[in-house]
Amino acid sequence: MSDIKTFSQRVRVRVCGLLEEEDSILLLKHNQIGEKGYLWSPPGGGVEFGDNSEETLIREFDEETGLKINIEEFLFVNEYIDDRFHAVELFYSVKRIGGELTLGNDPELAKNRQILEDVRFITYNELKSMDQKTLHNAFSYFDEPRDIFKIKGHINFINI
């Protein structure tokens with residue numbers, strides 16, 4: 001059992017990286033989050049005091065996926081609020097420049113309390129057939145999942 005309270009009951013600024021390769025997007029499966037008990041979400045994490053968002057995203061991507069990235073473009077802000085979590089998320093498009101894809105960990109959590117379960121590229125067709133309640137709420141905004149790269153501005157997506 002992880003300690004997801006680490007992330008709850010406070011406003012958290014997060015960065016998220018959208019990495020598209022071929023006809024798919026890289027997502028991480030998080031246990032114990034979401035209505036169905038797990039959630040597929042883009043790699044990223046919380047910005048700590050003194051760290052800028054781009055440095056944070058590069059570090060988080062490496063920690064969670066083993067991949068080295070360049071940040072391509074700032075896309076949008078998503079504000080998510082429910083009874084446990086309040087996150088202001090900054091989404092960037094990113095490009096892989098090195099590394100090997102591997103499931104990493106979240107250094108904010110103890111090794112025996114990790115919530116990351118899987119990392120993989122998921123095709124856009126597969127995303128369309130997945131239960132929306134198992135996907136990050138940013139994917140609820142449009143019919144075509146790849147359109148996530150076209151979003152600009154501040155968005156309040158449907159909260160899970």
# chains A, B, ... in the order shown; residues from 1 in each chain; ligands from 1

call {"tool": "closest_atom_pairs", "arguments": {"of": "stretch 33-116 of chain A", "to": "stretch 136-157 of chain A", "cutoff": "8 Å", "atoms": "only C-alpha atoms", "output": "CSV"}}
result
residue,atom,partner,partner_atom,distance
A:Leu39,CA,A:His136,CA,6.4
A:Trp40,CA,A:His136,CA,6.0
A:Ser41,CA,A:His136,CA,5.0
A:Pro42,CA,A:His136,CA,7.8
A:Leu75,CA,A:Lys152,CA,5.3
A:Phe76,CA,A:Gly153,CA,4.8
A:Val77,CA,A:His154,CA,4.7
A:Asn78,CA,A:Ile155,CA,5.0
A:Glu79,CA,A:Asn156,CA,5.4
A:Tyr80,CA,A:Asn156,CA,6.8
A:Ser93,CA,A:Phe149,CA,7.2

call {"tool": "select_by_dssp", "arguments": {"residues": "stretch 6-147 of chain A", "states": "alpha helix (DSSP H)", "output": "JSON, numbers by chain"}}
result
{"A": [53, 54, 55, 56, 57, 58, 59, 60, 61, 62, 63, 64, 65, 124, 125, 126, 127, 128, 129]}

call {"tool": "closest_residue", "arguments": {"among": "A:Leu135, A:Asn31, A:Gly37, A:Asp106", "to": "A:Ile122", "atoms": "only C-alpha atoms"}}
result
A:Leu135

call {"tool": "closest_residue", "arguments": {"among": "A:Ile81, A:Ile69, A:Val47, A:Ile115", "to": "A:Gly98", "atoms": "only C-alpha atoms"}}
result
A:Ile69

call {"tool": "residues_around", "arguments": {"residues": "A:Ser53", "least_positions_apart": "5", "cutoff": "10 Å", "atoms": "only C-alpha atoms", "output": "short mmCIF file (atom, residue, chain, number, x, y, z; two decimals) with C-alpha atoms, in the first residue's frame"}}
result
data_model
loop_
_atom_site.label_atom_id
_atom_site.label_comp_id
_atom_site.auth_asym_id
_atom_site.auth_seq_id
_atom_site.Cartn_x
_atom_site.Cartn_y
_atom_site.Cartn_z
CA VAL A 13 2.15 22.29 -9.13
CA ARG A 14 3.00 19.47 -11.52
CA VAL A 15 4.68 19.22 -14.90
CA CYS A 16 3.66 16.64 -17.49
CA GLY A 45 5.81 15.21 -11.24
CA GLY A 46 5.72 17.94 -8.67
CA VAL A 47 7.76 21.12 -8.90
CA GLU A 48 9.80 21.70 -5.75
CA ILE A 58 13.56 16.55 -17.49
CA ARG A 59 14.44 15.04 -14.07
CA LEU A 90 1.79 22.39 -16.85
CA PHE A 91 1.82 20.28 -20.03
CA TYR A 92 4.75 20.32 -22.47
#

call {"tool": "atom_distance", "arguments": {"atom1": "atom CA of A:Gly17", "atom2": "atom CA of A:Ile71"}}
result
8.2 Å

call {"tool": "residues_around", "arguments": {"residues": "A:Leu26", "least_positions_apart": "3", "cutoff": "6 Å", "atoms": "only C-alpha atoms", "output": "ChimeraX atom specification"}}
result
/A:19,120-121

call {"tool": "residues_around", "arguments": {"residues": "A:Gly104", "least_positions_apart": "3", "cutoff": "6 Å", "atoms": "only C-alpha atoms", "output": "NGL selection string"}}
result
:A and (63-65)

call {"tool": "residues_around", "arguments": {"residues": "A:Leu103", "least_positions_apart": "3", "cutoff": "8 Å", "atoms": "only C-alpha atoms", "output": "list in words"}}
result
Glu64, Thr65, Gly66, Leu116, Glu117, Asp118 and Val119 of chain A

call {"tool": "select_by_dssp", "arguments": {"residues": "chain A", "states": "strand (DSSP E)", "output": "number ranges by chain"}}
result
A: 11-21, 24-31, 38-41, 44-46, 67-81, 86-99, 116-123, 153-155

call {"tool": "atom_distance", "arguments": {"atom1": "atom CA of A:Glu21", "atom2": "atom CA of A:Glu126"}}
result
14.4 Å

call {"tool": "atom_distance", "arguments": {"atom1": "atom CA of A:Glu60", "atom2": "atom CA of A:Lys95"}}
result
14.2 Å

call {"tool": "residues_around", "arguments": {"residues": "A:Gly99", "least_positions_apart": "2", "cutoff": "10 Å", "atoms": "only C-alpha atoms", "output": "PyMOL selection string"}}
result
chain A and resi 62+65-69+96-97+101-102
